[in-house]
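Notes for the one structure printed next.
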Amino acid sequence: MTDRPAAAPVDEESRLTVALLAAAALAWTAAMLWSARTTITGRVSAEMEVTSTAYALPGAVAADLVAGAAVALLALTLIGSRRTLGASARFAVATGAGLLTGVASAIPIITINTAGSLYAIVGGTVAAAATIGGALAGFRIPRVVAAAAFASVGVFVLGFVLNLFQAPVLELLGAGDTASTANAAQWFSYGQAALSGLAAGLIAYFLLRRAKDAVKWPFYALAGAGAGLVTVIGEILSRTAGSKVLELAGKVSEMDQLAQQILSTARLNSGLVILFAGAMTAMFAVGRTLSPAEDEDDAQSSSSNSETAYHSNS
């Protein structure tokens with residue numbers, strides 16, 4: 001009987017980088033959950049609680065996706081420094097770490113009100129998001145996952161800063177009456193998505209460049225697109241696992257239903273813009289560092305000239 005070949009070691013991200021990523025992702029998640037709980041519990045009516053929950057759900061889901069991946073990467077990095085994990089063990093550890101993160105994240109939401117199913121659905125959706133993020137971290141490309149997660153945190157920070165200046169920017173874009181305000185808000189959303197994609201691509205590029213030849217160039221595009229993928233996956237989870245929440249919010253009033261539809265479409269479009277802009281930015285950035293391949297004919301000509309010169313000298 002022959003022994004099974006040992007699993008090839010994975011080029012893990014550094015402990016410091018992964019620890020900083022986990023801290024940033026958990027802080028982002030804690031902020032989103034705290035904001036959601038505070039907003040929901042501060043409403044005076046059940047209808048406003050439902051609509052507030054629907055508004056908070058996509059942001060919490062996106063944050064937990066990244067948090068689950070970050071915690072899973074940290075667990076894999078710590079274990080990987082002591083022993084080499086096979087593919088199955090690696091996936092199990094990553095998924096388990098994501099699940100634990102999701103359970104911890106669901107507790108602040110579920111405990112808002114344990115009588116109904118609304119907050120149980122939200123808590124389950126959040127837990128599922130973190131578990132999916134952990135499972136994604138189980139792929140044997142930890143540097144790429146870490147770069148995509150860091151880019152996602154960077155996009156969140158950029159969005160937070162840009163929203164602080166939203167009012168003056170909207171005025172510059174011509175916001176006035178209802179129609180012009182809606183048009184200005186749409187341009188603001190597109191501009192924010194484009195800047196977010198640019199930031200995501202650059203963050204992913206600079207993180208992966210530290211590994212030099214350890215990461216092949218197509219993975220730069222994948223890491224740059226990661227922040228957009230987080231938004232898109234978060235929106236899909238909100239529409240599927242959390243569909244009951246959105247359905248209840250839409251029944252409050254026709255205005256709330258219309259607002260939910262507009263916001264959902266805007267989030268999905270924004271995610272797609274960030275995805276493509278991030279991927280293209282990372283690709284262009286790494287493309288500028290690649291040296292052009294030597295033409296085959298020129299290479300053969302150079303070889304022939306060198307051989308002729310060698311014989312002449314002989």
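Every chain in the structure tokens takes a letter, A first, then B, and so on in the order presented; its residues are numbered from 1, and the ligands are numbered from 1 following the presented order.
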
Which residues of stretch 148-229 of chain A sit at most 9 Å from stretch 62-84 of chain A, using only C-alpha atoms? Give each one's shortest atom pair and distance in Å (one decimal place), in chain and ascending residue order, as a tab-separated table.
```
residue	atom	partner	partner_atom	distance
A:Ala148	CA	A:Val66	CA	8.9
A:Ala149	CA	A:Val66	CA	5.8
A:Phe150	CA	A:Val66	CA	8.6
A:Ser152	CA	A:Val66	CA	7.4
A:Val153	CA	A:Val66	CA	8.0
A:Phe156	CA	A:Ala63	CA	8.9
```

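Take the candidates A:Leu208, A:Gly226, A:Ser45, A:Arg15 and check each one against A:Arg143 using only C-alpha atoms; the shortest distance goes to A:Leu208.
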
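Among the candidate residues A:Leu20, A:Ala106, A:Thr51, A:Val44, the one lying nearest to A:Met255 is A:Thr51, with distances computed using only C-alpha atoms.
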
All residues 12 Å or closer to A:Thr111, only C-alpha atoms, same chain fewer than 5 positions away omitted, as a ChimeraX atom specification: /A:37,40-41,104-106,116-120,122-123

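Distances here use only C-alpha atoms; by that measure, the residue among A:Gly287, A:Gly124, A:Gly96, A:Gly133 closest to A:Pro218 is A:Gly287.
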
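If you measure from each of A:Ile203, A:Ala89, A:Leu246, A:Ala147 to A:Thr17 using only C-alpha atoms, the closest one turns out to be A:Ala147.
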
message: Write out as a ChimeraX atom specification the set of residues from stretch 42-290 of chain A that DSSP, computed on the backbone, places in helix (DSSP H, G or I).
response: /A:46-80,87-110,118-137,142-164,166-172,178-209,212-214,218-240,243-250,254-287

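Among the candidates A:Val161, A:Thr281, A:Tyr55, A:Ala151, the residue lying nearest to A:Gly250 is A:Tyr55 (atoms considered: only C-alpha atoms).
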